[in-house]
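Okay, structure first, notes after.
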Amino acid sequence: MQNGTRIWLQWLAMALTVTFSMVTGQYFKPFNVSYDHRALIIDGQRRMLVSAGIHYPRATPEMWPDLIAKSKEGGADVIETYVFWSGHEPVKGQYSFEGRYDLVKFVKLVGSSGLYLHLRIGPYVCAEWNFGGFPVWLRDIPGIVFRTDNEPFKEEMQRFVKKIVDVMREESLFSWQGGPIIMLQIENEYGNIEDSYGQKGKDYMNWAANMAVGLGAGVPWVMCRQTDAPENIIDACNGYYCDGYTPNSKKKPVIWTENWDGWYTSWGGRLPHRPVEDLAFAVARFYQRGGSFQNYYMFFGGTNFGRTSGGPNYITSYDYDAPIDEYGLLHQPKWGHLKDLHAALKLCEPALVAADSAQYIKLGPRQEAHVYRGNNSTCSAFLANIDEHKESSVQFLGQAYTLPPWSVSILPDCRNTAFNTAKVGAQTSIKVVDFESTSSAKISAPEHLMIQKGVPLVSESWMSFKEPIGVWGDDNFTVQGILEHLNVTKDQSDYLWYITRIYVSDEEIAFWKENAISPSLTIDSMRDLVHIFINGQLIGSAWGDWIKVAQQVQFKQGYNDVMLLSETVGLQNYGAFLEKDGAGFKGQITLTGFKNGDVNLTYSPWTYQVGLKGEFLKLYAVDNNGSSDWTNLAQNEVPSTFSWYKTYFDSPGGKDPVVLDMSSMGKGQAWVNGHHIGRYWTLVAPKDGCQETCDYRGSYDSEKCNTNCGKPTQIWYHVPRSWLQPSDNLLVLFEETGGNPLEISVKTVTVETVCAHMSEYHNPPLQMWSHPNYFNGELSASEMKPVMQLQCEDGYTIASIEFASYGTPQGSCQAFSMGKCHAPNSASILSKACEGRNSCKIEVSNSVFGDPCPRTVKTLAVEARCKPSSSLYAGVSDI
């Protein structure tokens with residue numbers, strides 16, 4: 001035991017030296033990266049790696065350091081990100097590496113934090129990103145077919161991939177240069193669609209692999225979901241579970257590029273959640289069965305700012321139920337439970353990298369062990385119970401272990417359990433989207449008292465600008481027939497007007513009256529959304545993904561203008577032949593119900609107007625705020641369709657994340673100080689399909705643990721603090737369907753309540769494994785007690801203990817109650833240890849609380865309230 005411990009400590013010291021050594025002008029001492037059948041080999045050492053997915057454009061540069069730091073604190077070794085071609089080359093040949101697209105800065109921040117980087121260049125990324133990350137100008141290249149053996153596409157793809165590799169090399173960001181990049185990816189999930197392209201798909205895949213390797217980046221390349229990847233490319237797994245994945249060569253390690261710890265959401269959809277017990281089970285099983293590199297997709301999801309969300313119809317939030325939420329706050333208990341899992345895995349790493357394979361031991365019908373043994377008595381084991389319903393008692397190496405259903409126990413020394421995936425010891429954090437700290441809204445006290453909701457509105461005064469219906473600029477044009485939406489807009493705007501004119505005779509009017517019928521406008525196929533106007537009046541709307549539209553219309557005698565406002569709400573980001581998908585209308589556009597038969601408008605003269613006048617005038621820009629086109633908005637002018645609104649507001653105090661509550665609005669887009677915070681839409685999710693309780697046991701899918709039924713999918717929209725100034729922040733909205741801006745409020749997201757629930761049978765804290773008395777044999781595992789930790793967010797302290805009971809408490813966070821057994825000193829002990837501090841730790845044992853009920857398993861349940869710190873002191877208390 002002691003010899004194995006010495007080996008473990010020597011290995012850990014060496015790994016830390018490799019990971020954190022800094023030399024002048026470099027983030028690491030230059031090192032090579034290779035791999036064998038077991039793992040990536042970093043500077044000559046096999047490594048078991050945990051990766052955190054963070055997409056740099058879905059946050060601001062000011063958020064990046066904190067996100068990286070929280071990922072590292074959570075146990076990540078690696079940061080993984082896609083490279084977003086559409087953001088870096090919005091115009092062909094004109095590159096952008098600034099602001100949210102400052103990739104070099106992001107990579108350097110990762111390196112300076114002591115973490116590695118996996119750069120997934122693609123350049124197709126999917127990622128629920130507009131057009132899968134492709135710039136829309138790409139589809140206009142003559143003869144191009146995406147992602148196949150097509151010379152125009154391959155030329156553009158190679159040029160961009162080479163550009164990224166060259167930039168990284170010029171900045172000395174590869175591992176062999178002392179940088180953090182240890183691995184690259186070419187293509188993305190191509191195996192899912194390769195057959196659609198026949199032999200040309202196979203040829204393209206091989207070309208892409210050889211092209212990438214030929215760029216001389218000096219680190220391994222991967223392809224995810226590519227089971228026929230060439231010998232010199234690692235094929236990797238994506239999915240909710242990858243513990244059974246086998247690479248296509250015995251020379252390659254098992255790598256998991258996307259562990260889906262949540263799922264994305266569409267407008268009008270429910271909000272999916274993945275229980276952390278199941279997520280931890282999937283991760284533990286992966287390493288148990290031979291995996292070596294696992295990435296959380298996402299560890300931080302972030303926000304689809306601007307028009308970057310794909311789809312169609314994906315929401316602005318990309319929270320993804322990730323361990324770090326959209327605003328950069330910890331999502332507890334997910335983050336904390338995974339942190340403990342990662343610490344347990346690190347304790348096993350010496351044995352995992354020393355063994356070429358595991359010893360398999362069957363423990364029961366649905367129970368099994370995998371044992372990893374290295375030299376000098378190093379031994380680690382995983383005990384799994386894959387039964388979805390029943391707890392199981394098993395014998396392993398002469399000892400008895402109780403395994404909860406659908407769980408894995410991790411034994412770093414093959415004897416003592418350090419972690420079980422189903423036993424969550426991490427705290428739960430309850431976030432509040434509130435206006436309490438927003439004392440600076442521009443509204444006077446008397447008027448505030450008049451507001452029934454008691455909510456400080458974003459402003460008391462608004463201005464408006466009416467968007468013209470139809471043609472508004474000199475750049476409109478008229479042609480025969482229906483043009484494809486993207487061919488006209490080039491995705492420079494969501495909006496495209498289609499306008500034609502028809503003549504209706506007195507005879508037709510009489511025919512409709514006599515027969516009590518109304519004519520209809522029919523569109524064979526449409527995506528994503530259309531607003532239908534007759535003579536400037538909105539008469540109907542429809543949305544969907546290539547759906548048929550039929551709308552009753554009313555005409556006057558004489559000439560009538562038929563006006564269709566086609567909209568995109570995120571371009572298709574997944575599937576074969578993306579360049580052919582397009583947007584707008586397909587098939588025929590027909591008027592039915594006429595006396596002499598249908599009137600086909602498809603080949604009529606149509607006038608086209610790209611975008612909105614407000615977009616052209618840049619009404620959202622800070623330097624346009626003095627435009628005389630704006631008029632004061634009166635209460636009786638709302639709601640109104642197709643209107644621009646603007647106001648000014650002051651920032652909420654403090655440092656908490658800021659959101660706009662847009663629940664009073666309909667559909668549109670919003671800007672703050674010229675920054676496009678994204679599309680908004682208050683579509684409501686179905687009333688059914690949500691579960692009151694979510695059982696983590698059993699295989700997860702995106703419909704298993706939904707919430708938010710019967711409510712708008714999204715009402716809160718993130719406004720990064722770095723986009724705000726203390727006062728006079730310009731808010732501009734374009735509203736399509738008639739929302740009420742007078743009821744918009746600015747709020748902050750605060751972790752107000754933290755809870756924990758831990759029994760005396762929970763595992764001791766992972767830090768105890770490095771306790772010198774434990775290594776020296778003076779402290780046995782049975783003597784180590786579980787420890788509960790409570791922690792507020794940075795800048796907050798524990799103001800009060802709202803509930804505390806050591807004994808047999810019942811319920812869950814914010815609904816705890818005392819059981820028959822209760823230690824009366826519970827609250828006083830917790831108050832003394834925790835109040836006034838940012839965090840505190842309490843040993844869950846009779847030695848601290850006494851024994852209120854002998855021969856009964858005791859549990860400690862605590863609920864604490866956090867408040868902003870009154871001083872810089874943020875101490876930690878241990879009892």
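Within each chain, counting starts at residue 1; across the structure tokens, chains are named A, B, ... in the order shown, with ligands numbered 1 upward in that order.
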Once DSSP has gone over the backbone, tell me which residues of region 131-339 of chain A are in helix (DSSP H, G or I), as a ChimeraX atom specification. /A:131-133,136-140,151-170,175-177,190-192,194-197,199-213,276-288,334-339
Extract, using only C-alpha atoms, all DNA, RNA and protein residues at most 6 Å from region 293-302 of chain A, discarding same-chain residues fewer than 6 positions from it, and format them as a list of chain:residue names. A:Leu49, A:Val50, A:Ser51, A:Ala52, A:Gly53, A:Ile54, A:Arg58, A:Ala59, A:Ile255, A:Trp256, A:Thr257, A:Glu258, A:Asn259, A:Trp260, A:Tyr318, A:Asp319, A:Tyr320, A:Ala322, A:Pro323, A:Ile324, A:Glu326
I need the residues from that last selection saved to file as a JSON list (two decimals), in the first residue's frame (with N, CA, C and O atoms), if you can.
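Contents of selection-v1.json, freshly written:
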[["chain", "number", "residue", "atom", "x", "y", "z"],
["A", 49, "LEU", "N", -7.95, 11.94, -19.64],
["A", 49, "LEU", "CA", -8.27, 13.36, -19.75],
["A", 49, "LEU", "C", -9.77, 13.62, -19.70],
["A", 49, "LEU", "O", -10.56, 12.90, -20.30],
["A", 50, "VAL", "N", -10.10, 14.70, -19.00],
["A", 50, "VAL", "CA", -11.47, 15.21, -18.93],
["A", 50, "VAL", "C", -11.49, 16.56, -19.64],
["A", 50, "VAL", "O", -10.67, 17.43, -19.35],
["A", 51, "SER", "N", -12.44, 16.71, -20.55],
["A", 51, "SER", "CA", -12.49, 17.92, -21.36],
["A", 51, "SER", "C", -13.82, 18.65, -21.15],
["A", 51, "SER", "O", -14.87, 18.03, -20.98],
["A", 52, "ALA", "N", -13.74, 19.97, -21.19],
["A", 52, "ALA", "CA", -14.91, 20.84, -21.00],
["A", 52, "ALA", "C", -15.19, 21.60, -22.29],
["A", 52, "ALA", "O", -14.33, 22.36, -22.76],
["A", 53, "GLY", "N", -16.36, 21.41, -22.86],
["A", 53, "GLY", "CA", -16.74, 22.10, -24.08],
["A", 53, "GLY", "C", -17.18, 23.53, -23.80],
["A", 53, "GLY", "O", -18.12, 23.76, -23.03],
["A", 54, "ILE", "N", -16.49, 24.50, -24.41],
["A", 54, "ILE", "CA", -16.84, 25.92, -24.33],
["A", 54, "ILE", "C", -16.72, 26.50, -25.72],
["A", 54, "ILE", "O", -15.65, 26.40, -26.34],
["A", 58, "ARG", "N", -20.04, 32.07, -28.00],
["A", 58, "ARG", "CA", -21.29, 32.04, -27.23],
["A", 58, "ARG", "C", -21.12, 32.69, -25.87],
["A", 58, "ARG", "O", -21.98, 32.59, -24.99],
["A", 59, "ALA", "N", -20.00, 33.36, -25.68],
["A", 59, "ALA", "CA", -19.74, 34.18, -24.50],
["A", 59, "ALA", "C", -18.96, 35.41, -24.98],
["A", 59, "ALA", "O", -18.61, 35.51, -26.15],
["A", 255, "ILE", "N", -11.92, 7.57, -27.57],
["A", 255, "ILE", "CA", -12.12, 9.00, -27.33],
["A", 255, "ILE", "C", -13.59, 9.34, -27.53],
["A", 255, "ILE", "O", -14.22, 8.89, -28.48],
["A", 256, "TRP", "N", -14.12, 10.17, -26.63],
["A", 256, "TRP", "CA", -15.51, 10.59, -26.64],
["A", 256, "TRP", "C", -15.55, 12.10, -26.82],
["A", 256, "TRP", "O", -15.34, 12.85, -25.88],
["A", 257, "THR", "N", -15.80, 12.56, -28.03],
["A", 257, "THR", "CA", -15.72, 14.00, -28.31],
["A", 257, "THR", "C", -16.94, 14.77, -27.85],
["A", 257, "THR", "O", -16.85, 15.98, -27.63],
["A", 258, "GLU", "N", -18.10, 14.12, -27.74],
["A", 258, "GLU", "CA", -19.30, 14.82, -27.30],
["A", 258, "GLU", "C", -20.13, 13.94, -26.38],
["A", 258, "GLU", "O", -20.80, 13.01, -26.83],
["A", 259, "ASN", "N", -20.03, 14.22, -25.09],
["A", 259, "ASN", "CA", -20.92, 13.60, -24.11],
["A", 259, "ASN", "C", -22.06, 14.60, -23.89],
["A", 259, "ASN", "O", -21.88, 15.64, -23.27],
["A", 260, "TRP", "N", -23.23, 14.28, -24.41],
["A", 260, "TRP", "CA", -24.35, 15.23, -24.39],
["A", 260, "TRP", "C", -24.95, 15.31, -22.99],
["A", 260, "TRP", "O", -25.77, 14.47, -22.60],
["A", 318, "TYR", "N", -28.46, 28.91, -25.30],
["A", 318, "TYR", "CA", -27.84, 27.61, -25.56],
["A", 318, "TYR", "C", -27.35, 27.03, -24.22],
["A", 318, "TYR", "O", -26.27, 26.48, -24.12],
["A", 319, "ASP", "N", -28.18, 27.20, -23.20],
["A", 319, "ASP", "CA", -27.82, 26.79, -21.84],
["A", 319, "ASP", "C", -27.42, 25.32, -21.77],
["A", 319, "ASP", "O", -26.49, 24.95, -21.07],
["A", 320, "TYR", "N", -28.14, 24.47, -22.48],
["A", 320, "TYR", "CA", -27.80, 23.05, -22.65],
["A", 320, "TYR", "C", -27.82, 22.24, -21.36],
["A", 320, "TYR", "O", -27.28, 21.14, -21.30],
["A", 322, "ALA", "N", -26.04, 22.66, -18.90],
["A", 322, "ALA", "CA", -24.62, 22.39, -18.70],
["A", 322, "ALA", "C", -24.20, 22.67, -17.26],
["A", 322, "ALA", "O", -24.89, 23.38, -16.52],
["A", 323, "PRO", "N", -23.04, 22.14, -16.83],
["A", 323, "PRO", "CA", -22.56, 22.39, -15.46],
["A", 323, "PRO", "C", -22.32, 23.86, -15.13],
["A", 323, "PRO", "O", -22.39, 24.25, -13.98],
["A", 324, "ILE", "N", -21.99, 24.66, -16.16],
["A", 324, "ILE", "CA", -21.93, 26.11, -16.00],
["A", 324, "ILE", "C", -23.05, 26.68, -16.86],
["A", 324, "ILE", "O", -23.13, 26.38, -18.06],
["A", 326, "GLU", "N", -25.87, 29.41, -18.73],
["A", 326, "GLU", "CA", -25.74, 30.39, -19.81],
["A", 326, "GLU", "C", -25.06, 31.67, -19.36],
["A", 326, "GLU", "O", -24.37, 32.33, -20.15]]
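Nearest to Lys613 (chain A) of all the residues A:Lys466, A:Lys250, A:Arg289, A:Lys548 is A:Lys466, counting only C-alpha atoms.
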Write out as a ChimeraX atom specification which residues come within 7 Å of Gln332 (chain A) when counting only C-alpha atoms, dropping same-chain ones fewer than 4 positions away. /A:336,427-429
Need to verify the contact set: region 655-662 of chain A, 10 Å, only C-alpha atoms, exclusion of same-chain residues closer than 6 positions in sequence. Can you return it as a ChimeraX atom specification? /A:326-329,433-435,437-438,457-458,670,677,680-682,714-721,724,739-741,743-751,793-795,868
Excluding same-chain residues fewer than 5 positions from Cys755 (chain A), what lies within 10 Å of it counting only C-alpha atoms, as JSON, numbers by chain? {"A": [332, 333, 426, 427, 428, 429, 430, 789, 790, 791, 801, 802, 803, 804, 812, 813, 814, 816, 861, 862, 863, 864, 865]}
For the residues in that selection, give me C-alpha atoms as a compact mmCIF listing (two decimals), in the first residue's frame.
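Saved result, again.txt, follows:
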# COMPACT_ATOMS: atom_id res chain seq x y z
CA GLN A 332 -25.46 22.82 -8.92
CA PRO A 333 -25.47 19.96 -8.11
CA ALA A 426 -22.78 18.35 -3.84
CA GLN A 427 -25.00 21.24 -2.87
CA THR A 428 -28.05 22.36 -4.82
CA SER A 429 -28.13 26.02 -5.85
CA ILE A 430 -31.45 27.75 -6.42
CA GLN A 789 -19.91 21.92 1.97
CA LEU A 790 -22.05 24.99 1.39
CA GLN A 791 -20.86 27.83 -0.81
CA ILE A 801 -29.51 29.21 7.95
CA GLU A 802 -33.14 28.76 6.97
CA PHE A 803 -33.29 25.07 7.91
CA ALA A 804 -30.94 22.61 9.55
CA SER A 812 -35.97 18.48 -0.64
CA CYS A 813 -34.44 21.93 -1.05
CA GLN A 814 -36.87 24.70 -0.06
CA PHE A 816 -37.29 20.37 4.06
CA ALA A 861 -30.19 18.58 5.63
CA VAL A 862 -29.43 22.29 5.38
CA GLU A 863 -30.92 25.26 3.56
CA ALA A 864 -28.99 28.54 3.60
CA ARG A 865 -29.68 31.98 2.19
Please, what distance in Å, to one decimal, runs between CA of Ala358 (chain A) and CA of Ile233 (chain A)? 24.7 Å
Would you pick out the contacts of Trp546 (chain A) at 6 Å or less, using only C-alpha atoms, so that residues sharing its chain but fewer than 4 positions from it are not included, and give the list as a ChimeraX atom specification? /A:525-527
Export N, CA, C and O atoms of the chosen residues as a PDB file, in the first residue's frame?
ATOM      1  N   SER A 525     -44.997  25.033 -50.137  1.00  0.00           N
ATOM      2  CA  SER A 525     -44.004  24.671 -49.120  1.00  0.00           C
ATOM      3  C   SER A 525     -43.287  25.927 -48.652  1.00  0.00           C
ATOM      4  O   SER A 525     -42.871  26.751 -49.475  1.00  0.00           O
ATOM      5  N   MET A 526     -43.147  26.057 -47.325  1.00  0.00           N
ATOM      6  CA  MET A 526     -42.579  27.276 -46.749  1.00  0.00           C
ATOM      7  C   MET A 526     -41.763  26.948 -45.510  1.00  0.00           C
ATOM      8  O   MET A 526     -42.104  26.064 -44.748  1.00  0.00           O
ATOM      9  N   ARG A 527     -40.679  27.669 -45.317  1.00  0.00           N
ATOM     10  CA  ARG A 527     -39.937  27.713 -44.069  1.00  0.00           C
ATOM     11  C   ARG A 527     -39.275  29.079 -43.981  1.00  0.00           C
ATOM     12  O   ARG A 527     -38.949  29.669 -44.996  1.00  0.00           O
TER      13      ARG A 527
END
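Distance check against His370 (chain A) using only C-alpha atoms: of A:Ala576, A:Cys414, A:Leu830, A:Ile79, the minimum falls on A:Cys414.
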Could you pull out the strand (DSSP E) residues of region 637-781 of chain A, going by DSSP on the backbone, and write them as a PyMOL selection string? chain A and resi 643-649+658-661+667-672+675-681+706-707+716-719+729-735+745-759
Pick from A:His822, A:Lys832, A:Lys163, A:Lys490: nearest to Pro852 (chain A), with only C-alpha atoms counted? A:His822
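Distance-wise, CA of Glu703 (chain A) and CA of Arg307 (chain A) end up 26.5 Å apart.
Picture a line from CA of Thr737 (chain A) to CA of Phe649 (chain A); it runs 23.8 Å.
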Shell around region 141-147 of chain A at 8 Å using only C-alpha atoms, local window under 6 positions removed, as number ranges by chain: A: 153-154, 201, 204, 577-579
Given only C-alpha atoms as the counted atoms, nearest of A:Ser651, A:Thr707, A:Asn130, A:Asn385 to Asp494 (chain A): A:Asn130
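Distances to Leu571 (chain A) were evaluated for A:Ile121, A:Ala583, A:Ile42, A:Val610 using only C-alpha atoms, and the minimum falls at A:Ala583.
Checking A:Lys711, A:Lys858, A:Arg837, A:Arg100 one by one against Gly306 (chain A), counting only C-alpha atoms, you find the shortest gap at A:Arg100.
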